[in-house]
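Heads up, the thing below is written out as structure tokens.
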Amino acid sequence: MSLRLGDIAPDFTADTTEGEISFHDWKSGSWAVLFSHPKDFTPVCTTELGYTAKLKEEFATRNAKVLALSVDSVADHKNWVGDIEETQGQAVNFPIIGDTDRAVATLYDMIHPNANDTLTVRSVFVIDPNNKVRLTITYPASTGRNFDEILRVLDSLQLTDGYKVATPVNWKHGEDVIVVPALSDEEATALFPAGFEKKKPYLRITKQPNL
Ligand code: BEZ
């Protein structure tokens, strides 16, 4: 069965380009972005891994660690990373799981047989410090993902975990946010010294509270 939001992300031990990893121990206390790509030595995947490596500091700022996976071997990954550095101008700086027996892919339902019965799709799991699954997305092989969107979601999750707000469409860090409907106007006034704009009883806008 597929993983759902709020589920505990299953633990596993796997071989990676940076040695054996026990997932929960490896991410201990951090957020994790676990993502699969279909195949090494393929064009879209090459751009995705290079770009994600360029975001290392952005993930670190958000206390997030990145872990990639495909059903290719660690030896293949190690041969491929040179091409990523050469063509994308960035060395890969996170581990890549060699999941040749598909153990992790199966655990995380990353193989969708009606799309491809042997290769992983482009899955992304954002997992919080308590090992809860907080975001899942799935892209087809032919569409490269937008990893800036993963950073944006991390910003939203970390903000909304700490404050009684939600983030509106296309929100980015620094922009106005929404007061959660569960708060009364009186409670919102007490919680948000900057005040709020009441466009509708259920749509109240306030400044991002943690700036
Ligand atoms: C790619 O990364 O370019 C790719 C991988 C598998 C199927 C199609 C495209």
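Identifiers in the structure tokens: chain A, B, ... in order shown; residue index from 1 per chain; ligand index from 1 in order shown.
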Near Ile137 (chain A), counting only C-alpha atoms, which residues have an atom at most 8 Å away, once you skip same-chain residues fewer than 3 positions from it, shown as a list in words?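 So, after excluding close chain neighbours, the residues are Ser123, Val124 and Phe125 of chain A.
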Got time to write the residues from that selection, N, CA, C and O atoms, as a PDB file, in the first residue's frame?
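Here's the written file out.pdb:
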```
ATOM      1  N   SER A 123       9.444   9.892  -7.690  1.00  0.00           N
ATOM      2  CA  SER A 123       8.764  10.116  -6.405  1.00  0.00           C
ATOM      3  C   SER A 123       9.560  11.101  -5.557  1.00  0.00           C
ATOM      4  O   SER A 123      10.786  11.127  -5.633  1.00  0.00           O
ATOM      5  N   VAL A 124       8.848  11.875  -4.752  1.00  0.00           N
ATOM      6  CA  VAL A 124       9.489  12.705  -3.726  1.00  0.00           C
ATOM      7  C   VAL A 124       8.728  12.509  -2.417  1.00  0.00           C
ATOM      8  O   VAL A 124       7.493  12.585  -2.407  1.00  0.00           O
ATOM      9  N   PHE A 125       9.470  12.272  -1.354  1.00  0.00           N
ATOM     10  CA  PHE A 125       8.887  12.227  -0.012  1.00  0.00           C
ATOM     11  C   PHE A 125       9.606  13.255   0.839  1.00  0.00           C
ATOM     12  O   PHE A 125      10.837  13.239   0.926  1.00  0.00           O
TER      13      PHE A 125
END
```
Could the residues that lie within 10 Å of ligand 1, counting only C-alpha atoms and all ligand atoms, be listed as JSON, numbers by chain? {"A": [37, 38, 39, 40, 41, 42, 43, 44, 45, 46, 47, 48, 49, 116, 119, 120, 121, 122, 140, 141, 142, 143, 144]}
Return the single residue from A:Leu157, A:Val74, A:Ile21, A:Ala115 that is closest to Asp128 (chain A), with distances computed using only C-alpha atoms.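 Closest residue, counting only C-alpha atoms: A:Leu157.
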As a ChimeraX atom specification, which residues of region 2-209 of chain A does DSSP assign to helix (DSSP H, G or I)? /A:23-26,43-54,56-61,74-88,103-107,147-162,185-191
Contacts of region 175-179 of chain A at 7 Å (only C-alpha atoms; same-chain gap of 4+ positions) as a PyMOL selection string: chain A and resi 164-168+171+203-208
Go ahead and save the residues from that selection, with N, CA and C atoms, as a PDB file, in the first residue's frame.
```pdb
ATOM      1  N   LYS A 164      -0.103  29.453  13.860  1.00  0.00           N
ATOM      2  CA  LYS A 164      -1.452  29.072  13.446  1.00  0.00           C
ATOM      3  C   LYS A 164      -1.814  29.797  12.143  1.00  0.00           C
ATOM      4  N   VAL A 165      -1.047  29.456  11.113  1.00  0.00           N
ATOM      5  CA  VAL A 165      -1.270  30.039   9.795  1.00  0.00           C
ATOM      6  C   VAL A 165      -1.212  28.936   8.743  1.00  0.00           C
ATOM      7  N   ALA A 166      -1.728  29.268   7.553  1.00  0.00           N
ATOM      8  CA  ALA A 166      -1.587  28.418   6.367  1.00  0.00           C
ATOM      9  C   ALA A 166      -1.033  29.317   5.264  1.00  0.00           C
ATOM     10  N   THR A 167      -0.499  28.703   4.203  1.00  0.00           N
ATOM     11  CA  THR A 167       0.107  29.520   3.150  1.00  0.00           C
ATOM     12  C   THR A 167      -0.739  29.448   1.881  1.00  0.00           C
ATOM     13  N   PRO A 168      -0.983  30.599   1.251  1.00  0.00           N
ATOM     14  CA  PRO A 168      -1.876  30.625   0.087  1.00  0.00           C
ATOM     15  C   PRO A 168      -1.186  30.162  -1.201  1.00  0.00           C
ATOM     16  N   TRP A 171       2.506  30.856  -2.560  1.00  0.00           N
ATOM     17  CA  TRP A 171       3.200  31.584  -1.490  1.00  0.00           C
ATOM     18  C   TRP A 171       4.697  31.307  -1.519  1.00  0.00           C
ATOM     19  N   LEU A 203     -11.464  34.033   5.369  1.00  0.00           N
ATOM     20  CA  LEU A 203     -10.251  34.403   4.624  1.00  0.00           C
ATOM     21  C   LEU A 203      -9.635  35.651   5.244  1.00  0.00           C
ATOM     22  N   ARG A 204      -8.691  35.397   6.169  1.00  0.00           N
ATOM     23  CA  ARG A 204      -8.058  36.485   6.902  1.00  0.00           C
ATOM     24  C   ARG A 204      -6.548  36.438   6.636  1.00  0.00           C
ATOM     25  N   ILE A 205      -6.015  37.574   6.211  1.00  0.00           N
ATOM     26  CA  ILE A 205      -4.623  37.644   5.756  1.00  0.00           C
ATOM     27  C   ILE A 205      -3.800  38.395   6.800  1.00  0.00           C
ATOM     28  N   THR A 206      -2.612  37.874   7.089  1.00  0.00           N
ATOM     29  CA  THR A 206      -1.716  38.546   8.009  1.00  0.00           C
ATOM     30  C   THR A 206      -0.280  38.439   7.496  1.00  0.00           C
ATOM     31  N   LYS A 207       0.605  39.216   8.106  1.00  0.00           N
ATOM     32  CA  LYS A 207       2.024  39.159   7.753  1.00  0.00           C
ATOM     33  C   LYS A 207       2.607  37.821   8.210  1.00  0.00           C
ATOM     34  N   GLN A 208       3.591  37.323   7.485  1.00  0.00           N
ATOM     35  CA  GLN A 208       4.291  36.128   7.954  1.00  0.00           C
ATOM     36  C   GLN A 208       4.834  36.401   9.356  1.00  0.00           C
TER      37      GLN A 208
END
```
Could you make a table, as JSON lines, of the residues of region 20-41 of chain A that have an atom within 12 Å of an atom of region 90-94 of chain A, each with its nearest atom pair and distance in Å to one decimal, counting only C-alpha atoms, in chain and number order?
```
{"residue": "A:Ile21", "atom": "CA", "partner": "A:Phe94", "partner_atom": "CA", "distance": 11.9}
{"residue": "A:Trp26", "atom": "CA", "partner": "A:Phe94", "partner_atom": "CA", "distance": 11.9}
{"residue": "A:Ala32", "atom": "CA", "partner": "A:Phe94", "partner_atom": "CA", "distance": 11.4}
{"residue": "A:Val33", "atom": "CA", "partner": "A:Phe94", "partner_atom": "CA", "distance": 10.7}
{"residue": "A:Leu34", "atom": "CA", "partner": "A:Phe94", "partner_atom": "CA", "distance": 10.8}
{"residue": "A:Phe35", "atom": "CA", "partner": "A:Phe94", "partner_atom": "CA", "distance": 11.5}
```
I'd like the neighbourhood of Thr16 (chain A) as a ChimeraX atom specification, where a residue qualifies if any of its atoms comes within 8 Å (using only C-alpha atoms), though same-chain residues fewer than 2 positions away should be ignored. /A:14,18-21,74,95-98
Could you jot down the CA of Ala64 (chain A) to CA of Lys78 (chain A) separation for me, Å, one decimal place?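 Interatomic distance, CA of Ala64 (chain A) to CA of Lys78 (chain A): 23.1 Å.
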Once DSSP has gone over the backbone, tell me which residues of chain A are in strand (DSSP E or B), as a tab-separated table (two decimals) with all heavy atoms, in the first residue's frame.
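Okay, this is what ended up in states.tsv:
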```tsv
chain	number	residue	atom	x	y	z
A	8	ILE	N	4.25	7.08	9.32
A	8	ILE	CA	5.68	7.02	9.64
A	8	ILE	C	6.42	6.48	8.42
A	8	ILE	O	6.05	5.43	7.86
A	8	ILE	CB	5.93	6.11	10.87
A	8	ILE	CG1	5.31	6.73	12.13
A	8	ILE	CG2	7.43	5.89	11.07
A	8	ILE	CD1	5.89	8.06	12.56
A	13	THR	N	17.75	-0.05	5.69
A	13	THR	CA	19.21	0.05	5.56
A	13	THR	C	19.53	-0.19	4.10
A	13	THR	O	18.96	-1.09	3.47
A	13	THR	CB	19.88	-1.02	6.45
A	13	THR	OG1	19.52	-0.75	7.81
A	13	THR	CG2	21.39	-0.96	6.34
A	14	ALA	N	20.39	0.65	3.54
A	14	ALA	CA	20.66	0.54	2.09
A	14	ALA	C	22.10	0.93	1.79
A	14	ALA	O	22.71	1.73	2.50
A	14	ALA	CB	19.70	1.46	1.33
A	15	ASP	N	22.62	0.36	0.69
A	15	ASP	CA	23.93	0.77	0.19
A	15	ASP	C	23.78	2.05	-0.61
A	15	ASP	O	22.84	2.19	-1.41
A	15	ASP	CB	24.50	-0.32	-0.73
A	15	ASP	CG	25.00	-1.49	0.07
A	15	ASP	OD1	25.41	-1.29	1.22
A	15	ASP	OD2	24.98	-2.62	-0.48
A	16	THR	N	24.70	2.98	-0.38
A	16	THR	CA	24.65	4.25	-1.10
A	16	THR	C	26.05	4.61	-1.57
A	16	THR	O	27.04	3.98	-1.18
A	16	THR	CB	24.12	5.41	-0.21
A	16	THR	OG1	25.20	5.91	0.58
A	16	THR	CG2	23.00	4.98	0.70
A	17	THR	N	26.12	5.66	-2.34
A	17	THR	CA	27.42	6.17	-2.80
A	17	THR	C	28.26	6.70	-1.64
A	17	THR	O	29.44	6.96	-1.82
A	17	THR	CB	27.18	7.31	-3.80
A	17	THR	OG1	26.23	8.21	-3.24
A	17	THR	CG2	26.67	6.78	-5.14
A	19	GLY	N	28.33	5.00	1.36
A	19	GLY	CA	28.36	3.88	2.31
A	19	GLY	C	26.96	3.48	2.76
A	19	GLY	O	25.95	4.03	2.29
A	20	GLU	N	26.91	2.50	3.66
A	20	GLU	CA	25.61	1.98	4.12
A	20	GLU	C	24.92	3.01	5.01
A	20	GLU	O	25.56	3.63	5.87
A	20	GLU	CB	25.82	0.68	4.89
A	20	GLU	CG	24.51	-0.03	5.19
A	20	GLU	CD	24.75	-1.37	5.89
A	20	GLU	OE1	24.91	-2.37	5.18
A	20	GLU	OE2	24.76	-1.38	7.13
A	21	ILE	N	23.62	3.16	4.78
A	21	ILE	CA	22.83	4.13	5.55
A	21	ILE	C	21.65	3.41	6.20
A	21	ILE	O	20.95	2.64	5.53
A	21	ILE	CB	22.31	5.25	4.61
A	21	ILE	CG1	23.41	6.30	4.41
A	21	ILE	CG2	21.05	5.90	5.16
A	21	ILE	CD1	23.01	7.42	3.47
A	22	SER	N	21.46	3.66	7.48
A	22	SER	CA	20.20	3.28	8.14
A	22	SER	C	19.38	4.56	8.18
A	22	SER	O	19.77	5.53	8.85
A	22	SER	CB	20.44	2.77	9.57
A	22	SER	OG	21.03	1.51	9.50
A	31	TRP	N	14.91	17.02	8.85
A	31	TRP	CA	13.99	16.72	7.78
A	31	TRP	C	14.75	15.93	6.72
A	31	TRP	O	15.99	16.01	6.66
A	31	TRP	CB	13.46	18.01	7.15
A	31	TRP	CG	12.57	18.80	8.07
A	31	TRP	CD1	12.95	19.52	9.16
A	31	TRP	CD2	11.15	18.96	7.97
A	31	TRP	NE1	11.86	20.11	9.75
A	31	TRP	CE2	10.75	19.79	9.04
A	31	TRP	CE3	10.18	18.48	7.08
A	31	TRP	CZ2	9.41	20.14	9.24
A	31	TRP	CZ3	8.85	18.83	7.27
A	31	TRP	CH2	8.47	19.64	8.33
A	32	ALA	N	14.03	15.16	5.91
A	32	ALA	CA	14.68	14.44	4.81
A	32	ALA	C	13.84	14.59	3.55
A	32	ALA	O	12.60	14.64	3.61
A	32	ALA	CB	14.85	12.97	5.15
A	33	VAL	N	14.55	14.70	2.43
A	33	VAL	CA	13.91	14.67	1.11
A	33	VAL	C	14.44	13.41	0.43
A	33	VAL	O	15.63	13.34	0.08
A	33	VAL	CB	14.26	15.92	0.29
A	33	VAL	CG1	13.63	15.83	-1.11
A	33	VAL	CG2	13.79	17.18	1.01
A	34	LEU	N	13.58	12.41	0.34
A	34	LEU	CA	13.94	11.14	-0.30
A	34	LEU	C	13.30	11.14	-1.69
A	34	LEU	O	12.08	11.27	-1.80
A	34	LEU	CB	13.41	9.97	0.54
A	34	LEU	CG	13.49	8.57	-0.07
A	34	LEU	CD1	14.94	8.13	-0.28
A	34	LEU	CD2	12.76	7.55	0.82
A	35	PHE	N	14.12	11.02	-2.72
A	35	PHE	CA	13.52	11.06	-4.07
A	35	PHE	C	14.12	10.01	-4.97
A	35	PHE	O	15.31	9.68	-4.86
A	35	PHE	CB	13.62	12.46	-4.67
A	35	PHE	CG	14.99	12.90	-5.13
A	35	PHE	CD1	15.33	12.83	-6.47
A	35	PHE	CD2	15.91	13.40	-4.23
A	35	PHE	CE1	16.59	13.25	-6.91
A	35	PHE	CE2	17.17	13.82	-4.66
A	35	PHE	CZ	17.51	13.75	-5.99
A	36	SER	N	13.29	9.47	-5.84
A	36	SER	CA	13.73	8.44	-6.79
A	36	SER	C	13.80	9.03	-8.18
A	36	SER	O	13.06	9.95	-8.53
A	36	SER	CB	12.77	7.26	-6.77
A	36	SER	OG	11.45	7.66	-7.06
A	64	ALA	N	17.44	20.14	6.41
A	64	ALA	CA	16.94	19.03	5.58
A	64	ALA	C	18.11	18.33	4.89
A	64	ALA	O	19.02	18.98	4.39
A	64	ALA	CB	15.96	19.55	4.54
A	65	LYS	N	18.06	16.99	4.88
A	65	LYS	CA	19.07	16.19	4.20
A	65	LYS	C	18.42	15.54	2.98
A	65	LYS	O	17.24	15.19	3.01
A	65	LYS	CB	19.61	15.12	5.14
A	65	LYS	CG	20.31	15.70	6.36
A	65	LYS	CD	20.71	14.62	7.36
A	65	LYS	CE	22.05	14.02	7.00
A	65	LYS	NZ	22.54	13.12	8.11
A	66	VAL	N	19.22	15.38	1.95
A	66	VAL	CA	18.71	14.86	0.67
A	66	VAL	C	19.27	13.46	0.43
A	66	VAL	O	20.45	13.21	0.70
A	66	VAL	CB	19.12	15.81	-0.47
A	66	VAL	CG1	18.81	15.20	-1.82
A	66	VAL	CG2	18.44	17.16	-0.32
A	67	LEU	N	18.41	12.58	-0.07
A	67	LEU	CA	18.81	11.20	-0.35
A	67	LEU	C	18.11	10.76	-1.64
A	67	LEU	O	16.89	10.81	-1.73
A	67	LEU	CB	18.38	10.31	0.82
A	67	LEU	CG	18.70	8.82	0.78
A	67	LEU	CD1	20.19	8.56	0.62
A	67	LEU	CD2	18.19	8.15	2.07
A	68	ALA	N	18.91	10.36	-2.65
A	68	ALA	CA	18.34	9.95	-3.94
A	68	ALA	C	18.36	8.43	-4.05
A	68	ALA	O	19.05	7.74	-3.28
A	68	ALA	CB	19.13	10.59	-5.08
A	69	LEU	N	17.62	7.92	-5.02
A	69	LEU	CA	17.51	6.46	-5.20
A	69	LEU	C	17.19	6.14	-6.64
A	69	LEU	O	16.39	6.83	-7.28
A	69	LEU	CB	16.39	5.93	-4.30
A	69	LEU	CG	15.97	4.47	-4.45
A	69	LEU	CD1	15.46	3.93	-3.11
A	69	LEU	CD2	14.93	4.21	-5.54
A	70	SER	N	17.82	5.08	-7.15
A	70	SER	CA	17.28	4.40	-8.33
A	70	SER	C	17.62	2.93	-8.20
A	70	SER	O	18.37	2.53	-7.30
A	70	SER	CB	17.83	4.97	-9.65
A	70	SER	OG	19.10	4.45	-9.91
A	96	ILE	N	23.37	8.58	-2.95
A	96	ILE	CA	22.41	7.97	-3.88
A	96	ILE	C	22.34	6.47	-3.55
A	96	ILE	O	23.36	5.77	-3.55
A	96	ILE	CB	22.83	8.13	-5.36
A	96	ILE	CG1	23.24	9.58	-5.66
A	96	ILE	CG2	21.70	7.68	-6.29
A	96	ILE	CD1	23.84	9.75	-7.07
A	97	ILE	N	21.13	6.01	-3.26
A	97	ILE	CA	20.93	4.59	-2.92
A	97	ILE	C	21.02	3.74	-4.19
A	97	ILE	O	20.41	4.08	-5.22
A	97	ILE	CB	19.55	4.39	-2.26
A	97	ILE	CG1	19.48	5.13	-0.92
A	97	ILE	CG2	19.23	2.91	-2.10
A	97	ILE	CD1	18.08	5.18	-0.32
A	98	GLY	N	21.74	2.63	-4.10
A	98	GLY	CA	21.74	1.63	-5.16
A	98	GLY	C	20.75	0.55	-4.78
A	98	GLY	O	21.06	-0.36	-4.01
A	122	ARG	N	9.38	9.22	-10.71
A	122	ARG	CA	10.01	10.34	-10.00
A	122	ARG	C	9.19	10.65	-8.75
A	122	ARG	O	8.34	11.53	-8.75
A	122	ARG	CB	10.11	11.56	-10.92
A	122	ARG	CG	10.96	11.35	-12.13
A	122	ARG	CD	11.23	12.62	-12.91
A	122	ARG	NE	11.75	12.31	-14.22
A	122	ARG	CZ	13.02	11.99	-14.49
A	122	ARG	NH1	13.90	11.97	-13.52
A	122	ARG	NH2	13.40	11.70	-15.71
A	123	SER	N	9.44	9.89	-7.69
A	123	SER	CA	8.76	10.12	-6.40
A	123	SER	C	9.56	11.10	-5.56
A	123	SER	O	10.79	11.13	-5.63
A	123	SER	CB	8.67	8.81	-5.60
A	123	SER	OG	7.96	7.83	-6.29
A	124	VAL	N	8.85	11.88	-4.75
A	124	VAL	CA	9.49	12.70	-3.73
A	124	VAL	C	8.73	12.51	-2.42
A	124	VAL	O	7.49	12.59	-2.41
A	124	VAL	CB	9.46	14.21	-4.06
A	124	VAL	CG1	10.24	15.00	-3.01
A	124	VAL	CG2	10.01	14.49	-5.45
A	125	PHE	N	9.47	12.27	-1.35
A	125	PHE	CA	8.89	12.23	-0.01
A	125	PHE	C	9.61	13.25	0.84
A	125	PHE	O	10.84	13.24	0.93
A	125	PHE	CB	9.07	10.84	0.63
A	125	PHE	CG	8.34	9.75	-0.10
A	125	PHE	CD1	8.95	9.09	-1.16
A	125	PHE	CD2	7.05	9.42	0.24
A	125	PHE	CE1	8.27	8.10	-1.86
A	125	PHE	CE2	6.36	8.43	-0.45
A	125	PHE	CZ	6.97	7.77	-1.50
A	126	VAL	N	8.85	14.15	1.45
A	126	VAL	CA	9.41	15.04	2.47
A	126	VAL	C	8.99	14.46	3.82
A	126	VAL	O	7.79	14.22	4.07
A	126	VAL	CB	8.91	16.49	2.31
A	126	VAL	CG1	9.37	17.34	3.49
A	126	VAL	CG2	9.43	17.08	1.00
A	127	ILE	N	9.99	14.21	4.65
A	127	ILE	CA	9.79	13.49	5.92
A	127	ILE	C	10.32	14.38	7.05
A	127	ILE	O	11.43	14.92	6.95
A	127	ILE	CB	10.53	12.14	5.86
A	127	ILE	CG1	9.93	11.30	4.70
A	127	ILE	CG2	10.44	11.39	7.18
A	127	ILE	CD1	10.83	10.21	4.20
A	132	LYS	N	7.66	11.51	10.18
A	132	LYS	CA	6.34	11.48	9.54
A	132	LYS	C	6.44	11.97	8.10
A	132	LYS	O	7.15	12.94	7.81
A	132	LYS	CB	5.37	12.39	10.28
A	132	LYS	CG	4.75	11.72	11.48
A	132	LYS	CD	3.48	12.42	11.92
A	132	LYS	CE	2.88	11.65	13.07
A	132	LYS	NZ	2.01	12.43	13.89
A	133	VAL	N	5.69	11.31	7.21
A	133	VAL	CA	5.61	11.74	5.81
A	133	VAL	C	4.75	13.00	5.76
A	133	VAL	O	3.61	13.01	6.21
A	133	VAL	CB	4.98	10.63	4.94
A	133	VAL	CG1	4.78	11.12	3.51
A	133	VAL	CG2	5.83	9.38	4.97
A	134	ARG	N	5.33	14.09	5.21
A	134	ARG	CA	4.62	15.37	5.18
A	134	ARG	C	4.25	15.81	3.77
A	134	ARG	O	3.42	16.69	3.58
A	134	ARG	CB	5.47	16.44	5.86
A	134	ARG	CG	5.84	16.12	7.32
A	134	ARG	CD	4.63	16.08	8.23
A	134	ARG	NE	3.97	17.36	8.27
A	134	ARG	CZ	4.31	18.37	9.06
A	134	ARG	NH1	5.32	18.22	9.90
A	134	ARG	NH2	3.65	19.51	9.03
A	135	LEU	N	4.91	15.24	2.77
A	135	LEU	CA	4.60	15.56	1.37
A	135	LEU	C	4.95	14.35	0.52
A	135	LEU	O	5.99	13.72	0.73
A	135	LEU	CB	5.44	16.75	0.88
A	135	LEU	CG	5.32	17.05	-0.62
A	135	LEU	CD1	4.06	17.84	-0.93
A	135	LEU	CD2	6.54	17.79	-1.17
A	136	THR	N	4.06	14.03	-0.42
A	136	THR	CA	4.42	13.05	-1.46
A	136	THR	C	4.06	13.65	-2.80
A	136	THR	O	2.99	14.26	-2.93
A	136	THR	CB	3.67	11.70	-1.31
A	136	THR	OG1	2.28	11.91	-1.56
A	136	THR	CG2	3.85	11.09	0.06
A	137	ILE	N	4.96	13.54	-3.76
A	137	ILE	CA	4.60	13.89	-5.13
A	137	ILE	C	5.18	12.86	-6.07
A	137	ILE	O	6.20	12.23	-5.77
A	137	ILE	CB	5.03	15.32	-5.54
A	137	ILE	CG1	6.53	15.51	-5.39
A	137	ILE	CG2	4.28	16.38	-4.80
A	137	ILE	CD1	7.00	16.86	-5.93
A	138	THR	N	4.53	12.70	-7.20
A	138	THR	CA	4.97	11.72	-8.19
A	138	THR	C	4.92	12.35	-9.56
A	138	THR	O	3.88	12.86	-9.97
A	138	THR	CB	4.05	10.48	-8.19
A	138	THR	OG1	3.95	9.97	-6.86
A	138	THR	CG2	4.57	9.39	-9.11
A	139	TYR	N	6.07	12.34	-10.23
A	139	TYR	CA	6.14	12.86	-11.59
A	139	TYR	C	6.48	11.71	-12.54
A	139	TYR	O	7.16	10.76	-12.15
A	139	TYR	CB	7.27	13.90	-11.70
A	139	TYR	CG	6.89	15.31	-11.36
A	139	TYR	CD1	6.22	15.62	-10.20
A	139	TYR	CD2	7.24	16.35	-12.21
A	139	TYR	CE1	5.90	16.93	-9.89
A	139	TYR	CE2	6.93	17.66	-11.91
A	139	TYR	CZ	6.26	17.94	-10.74
A	139	TYR	OH	5.96	19.24	-10.44
A	165	VAL	N	-1.05	29.46	11.11
A	165	VAL	CA	-1.27	30.04	9.79
A	165	VAL	C	-1.21	28.94	8.74
A	165	VAL	O	-0.70	27.84	8.99
A	165	VAL	CB	-0.21	31.12	9.45
A	165	VAL	CG1	-0.31	32.30	10.41
A	165	VAL	CG2	1.20	30.54	9.44
A	166	ALA	N	-1.73	29.27	7.55
A	166	ALA	CA	-1.59	28.42	6.37
A	166	ALA	C	-1.03	29.32	5.26
A	166	ALA	O	-1.08	30.55	5.37
A	166	ALA	CB	-2.94	27.84	5.97
A	177	VAL	N	0.40	35.54	4.78
A	177	VAL	CA	-0.13	34.20	5.02
A	177	VAL	C	-1.59	34.29	5.48
A	177	VAL	O	-2.12	35.38	5.68
A	177	VAL	CB	0.74	33.45	6.07
A	177	VAL	CG1	2.17	33.29	5.58
A	177	VAL	CG2	0.72	34.19	7.41
A	178	ILE	N	-2.19	33.14	5.67
A	178	ILE	CA	-3.60	33.04	6.02
A	178	ILE	C	-3.74	32.62	7.48
A	178	ILE	O	-3.08	31.68	7.93
A	178	ILE	CB	-4.29	32.00	5.09
A	178	ILE	CG1	-4.35	32.55	3.66
A	178	ILE	CG2	-5.66	31.61	5.61
A	178	ILE	CD1	-4.77	31.53	2.64
A	179	VAL	N	-4.60	33.30	8.21
A	179	VAL	CA	-4.91	32.91	9.59
A	179	VAL	C	-5.78	31.65	9.53
A	179	VAL	O	-6.77	31.61	8.79
A	179	VAL	CB	-5.67	34.04	10.33
A	179	VAL	CG1	-6.06	33.61	11.74
A	179	VAL	CG2	-4.85	35.33	10.33
A	197	GLU	N	-6.18	41.29	7.81
A	197	GLU	CA	-7.22	41.83	6.93
A	197	GLU	C	-8.28	40.75	6.74
A	197	GLU	O	-7.96	39.63	6.33
A	197	GLU	CB	-6.61	42.20	5.58
A	197	GLU	CG	-7.61	42.85	4.64
A	197	GLU	CD	-7.08	43.02	3.22
A	197	GLU	OE1	-5.89	42.74	3.01
A	197	GLU	OE2	-7.87	43.42	2.35
A	198	LYS	N	-9.54	41.14	7.04
A	198	LYS	CA	-10.62	40.15	6.98
A	198	LYS	C	-11.36	40.32	5.65
A	198	LYS	O	-12.27	41.13	5.54
A	198	LYS	CB	-11.56	40.37	8.17
A	198	LYS	CG	-12.58	39.29	8.37
A	198	LYS	CD	-13.29	39.52	9.70
A	198	LYS	CE	-14.35	38.49	9.96
A	198	LYS	NZ	-14.96	38.67	11.28
A	199	LYS	N	-10.96	39.54	4.66
A	199	LYS	CA	-11.60	39.64	3.34
A	199	LYS	C	-12.95	38.92	3.35
A	199	LYS	O	-13.89	39.30	2.68
A	199	LYS	CB	-10.70	39.03	2.26
A	199	LYS	CG	-9.42	39.84	1.99
A	199	LYS	CD	-8.54	39.13	0.98
A	199	LYS	CE	-7.28	39.92	0.67
A	199	LYS	NZ	-7.47	41.04	-0.24
A	200	LYS	N	-13.03	37.86	4.08
A	200	LYS	CA	-14.24	37.07	4.35
A	200	LYS	C	-14.05	36.51	5.75
A	200	LYS	O	-12.92	36.40	6.23
A	200	LYS	CB	-14.38	35.90	3.36
A	200	LYS	CG	-14.68	36.28	1.93
A	200	LYS	CD	-16.15	36.65	1.79
A	200	LYS	CE	-16.45	37.07	0.36
A	200	LYS	NZ	-17.80	37.67	0.27
A	203	LEU	N	-11.46	34.03	5.37
A	203	LEU	CA	-10.25	34.40	4.62
A	203	LEU	C	-9.64	35.65	5.24
A	203	LEU	O	-10.02	36.77	4.93
A	203	LEU	CB	-10.60	34.63	3.14
A	203	LEU	CG	-9.45	35.06	2.23
A	203	LEU	CD1	-8.29	34.08	2.27
A	203	LEU	CD2	-9.94	35.21	0.78
A	204	ARG	N	-8.69	35.40	6.17
A	204	ARG	CA	-8.06	36.48	6.90
A	204	ARG	C	-6.55	36.44	6.64
A	204	ARG	O	-5.91	35.40	6.81
A	204	ARG	CB	-8.35	36.36	8.40
A	204	ARG	CG	-9.84	36.49	8.72
A	204	ARG	CD	-10.15	36.07	10.13
A	204	ARG	NE	-9.86	34.67	10.34
A	204	ARG	CZ	-9.91	34.06	11.53
A	204	ARG	NH1	-10.24	34.74	12.62
A	204	ARG	NH2	-9.62	32.78	11.64
A	205	ILE	N	-6.02	37.57	6.21
A	205	ILE	CA	-4.62	37.64	5.76
A	205	ILE	C	-3.80	38.40	6.80
A	205	ILE	O	-4.22	39.44	7.30
A	205	ILE	CB	-4.53	38.41	4.41
A	205	ILE	CG1	-5.50	37.81	3.38
A	205	ILE	CG2	-3.09	38.42	3.89
A	205	ILE	CD1	-5.20	36.39	2.99
A	206	THR	N	-2.61	37.87	7.09
A	206	THR	CA	-1.72	38.55	8.01
A	206	THR	C	-0.28	38.44	7.50
A	206	THR	O	0.01	37.70	6.56
A	206	THR	CB	-1.84	37.96	9.44
A	206	THR	OG1	-1.12	38.80	10.35
A	206	THR	CG2	-1.30	36.55	9.52
```
From the list A:Glu187, A:Glu86, A:Lys172, A:Ala9, which residue is nearest Ile150 (chain A) when using only C-alpha atoms?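 Using only C-alpha atoms, the shortest distance to Ile150 (chain A) belongs to A:Lys172.
CA of Asn170 (chain A) is positioned 10.7 Å from CA of Ser156 (chain A).
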Using only C-alpha atoms, determine which residues lie at most 8 Å from Tyr108 (chain A), disregarding the query and same-chain residues fewer than 3 positions distant; provide the list as a VMD selection string. chain A and resid 2 to 3 10 104 to 105
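One finds CA of Asp161 (chain A) at 16.4 Å from CA of Ala188 (chain A).
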